[in-house]
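Report on the structure given below.
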Amino acid sequence: MPIRPAAPDDIPAIAAIYAEAVRHGTASFELTPPDAAEMERRRAAILAAGYPYLVLEEDGHLLGYAYANAFRPRIAYRFTVEDSIYVDAAARGRGVGRALLAALIARCEEMGFRQMVAMIGDSANLGSIRLHAALGFAHQGTLAATGLKFGRWIDTVLMQRALGPGAGDVPQG
């Protein structure tokens, strides 16, 4: 499946995929889907900060997207990224998420990042939890009842994976 950097022309499809996730899922704790202009602003900010933003396209249709972003804003976290992956509802279960996450991990390793953190919305989101585990993420804990959506409390699952040499040495910079 062809994976490439996201472009401005991808924003309508990205916004639609994310809107479905916001409206019907618990992976995102947003309650109102942002419009395409806001999604482009977010994409541009992620790229300007030096993080990767990828899409998977098949036969001219965008099936999903993934990006890495700062885990936390303090400078000591500069080698740690947080991943986000969203797959079109019609493409789930076809390996799209796995391909995107594998490509994102590889790109972040190439860029010199050392840790990737996944903050998975909903401890019942077994698809995302299993995907991350299959690609080397370890469960680090569950933050109980951290989000309120659809009239119920939702947990956040924290998972982590070393990138490249991980904590095996100290990078310069």
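Chain identifiers are assigned as A, B, and so on, following the order in which chains appear in the structure tokens; residues are numbered from 1 within each chain, and ligands are numbered from 1 in order of appearance.
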
So which residues touch Asp122 of chain A within 8 Å, counting only C-alpha atoms, skipping near sequence neighbours fewer than 3 positions away, as JSON, numbers by chain? {"A": [26, 27, 125, 154, 155, 156, 157]}

Output N, CA and C atoms of each residue in that selection to a file, as an mmCIF file, in the first residue's frame.
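Output file result.cif follows:
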```cif
data_model
loop_
_atom_site.group_PDB
_atom_site.id
_atom_site.type_symbol
_atom_site.label_atom_id
_atom_site.label_comp_id
_atom_site.auth_asym_id
_atom_site.auth_seq_id
_atom_site.Cartn_x
_atom_site.Cartn_y
_atom_site.Cartn_z
ATOM 1 N N THR A 26 -14.212 6.743 20.206
ATOM 2 C CA THR A 26 -13.605 7.254 21.439
ATOM 3 C C THR A 26 -12.080 7.350 21.336
ATOM 4 N N ALA A 27 -11.532 7.163 20.142
ATOM 5 C CA ALA A 27 -10.089 7.319 19.963
ATOM 6 C C ALA A 27 -9.680 8.772 20.177
ATOM 7 N N ASN A 125 -10.758 0.026 23.302
ATOM 8 C CA ASN A 125 -10.299 0.166 21.922
ATOM 9 C C ASN A 125 -9.254 -0.919 21.637
ATOM 10 N N ILE A 154 -14.303 7.618 30.022
ATOM 11 C CA ILE A 154 -13.457 6.813 29.140
ATOM 12 C C ILE A 154 -12.028 6.852 29.668
ATOM 13 N N ASP A 155 -11.401 5.676 29.685
ATOM 14 C CA ASP A 155 -10.007 5.553 30.116
ATOM 15 C C ASP A 155 -9.067 5.970 28.985
ATOM 16 N N THR A 156 -7.827 6.228 29.354
ATOM 17 C CA THR A 156 -6.743 6.421 28.402
ATOM 18 C C THR A 156 -5.704 5.347 28.684
ATOM 19 N N VAL A 157 -5.303 4.622 27.651
ATOM 20 C CA VAL A 157 -4.292 3.578 27.772
ATOM 21 C C VAL A 157 -2.966 4.152 27.292
#
```

Can you list, as a ChimeraX atom specification, every residue of chain A that DSSP puts in strand (DSSP E or B)? /A:3-5,53-58,61-70,80-87,115-121,138-149,152-162

Contact residues around Met159 of chain A with only C-alpha atoms at 6 Å, ignoring same-chain residues under 3 positions, as JSON, numbers by chain: {"A": [117, 118, 137, 138, 139, 140]}

Tell me which protein, DNA and RNA residues are within 6 Å of segment 1-14 of chain A, counting only C-alpha atoms, leaving out same-chain ones fewer than 3 positions away, and put them as an mmCIF file with N, CA and C atoms, in the first residue's frame.
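Below you can see part-v7.cif, which holds the result:
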```
data_model
loop_
_atom_site.group_PDB
_atom_site.id
_atom_site.type_symbol
_atom_site.label_atom_id
_atom_site.label_comp_id
_atom_site.auth_asym_id
_atom_site.auth_seq_id
_atom_site.Cartn_x
_atom_site.Cartn_y
_atom_site.Cartn_z
ATOM 1 N N ILE A 17 -12.237 11.615 7.559
ATOM 2 C CA ILE A 17 -11.877 10.455 8.381
ATOM 3 C C ILE A 17 -11.911 10.834 9.854
ATOM 4 N N ALA A 36 -12.045 21.614 7.770
ATOM 5 C CA ALA A 36 -10.864 21.357 6.949
ATOM 6 C C ALA A 36 -9.785 22.412 7.166
ATOM 7 N N TYR A 53 4.070 13.458 8.892
ATOM 8 C CA TYR A 53 2.623 13.337 8.725
ATOM 9 C C TYR A 53 2.419 12.538 7.440
ATOM 10 N N LEU A 54 1.891 11.332 7.555
ATOM 11 C CA LEU A 54 1.806 10.394 6.442
ATOM 12 C C LEU A 54 0.365 10.041 6.098
ATOM 13 N N VAL A 55 0.152 9.666 4.847
ATOM 14 C CA VAL A 55 -1.148 9.164 4.413
ATOM 15 C C VAL A 55 -0.942 7.871 3.634
ATOM 16 N N LEU A 56 -1.967 7.052 3.644
ATOM 17 C CA LEU A 56 -1.982 5.836 2.845
ATOM 18 C C LEU A 56 -3.108 5.974 1.838
ATOM 19 N N GLU A 57 -2.744 5.843 0.586
ATOM 20 C CA GLU A 57 -3.696 6.037 -0.502
ATOM 21 C C GLU A 57 -3.721 4.773 -1.355
#
```
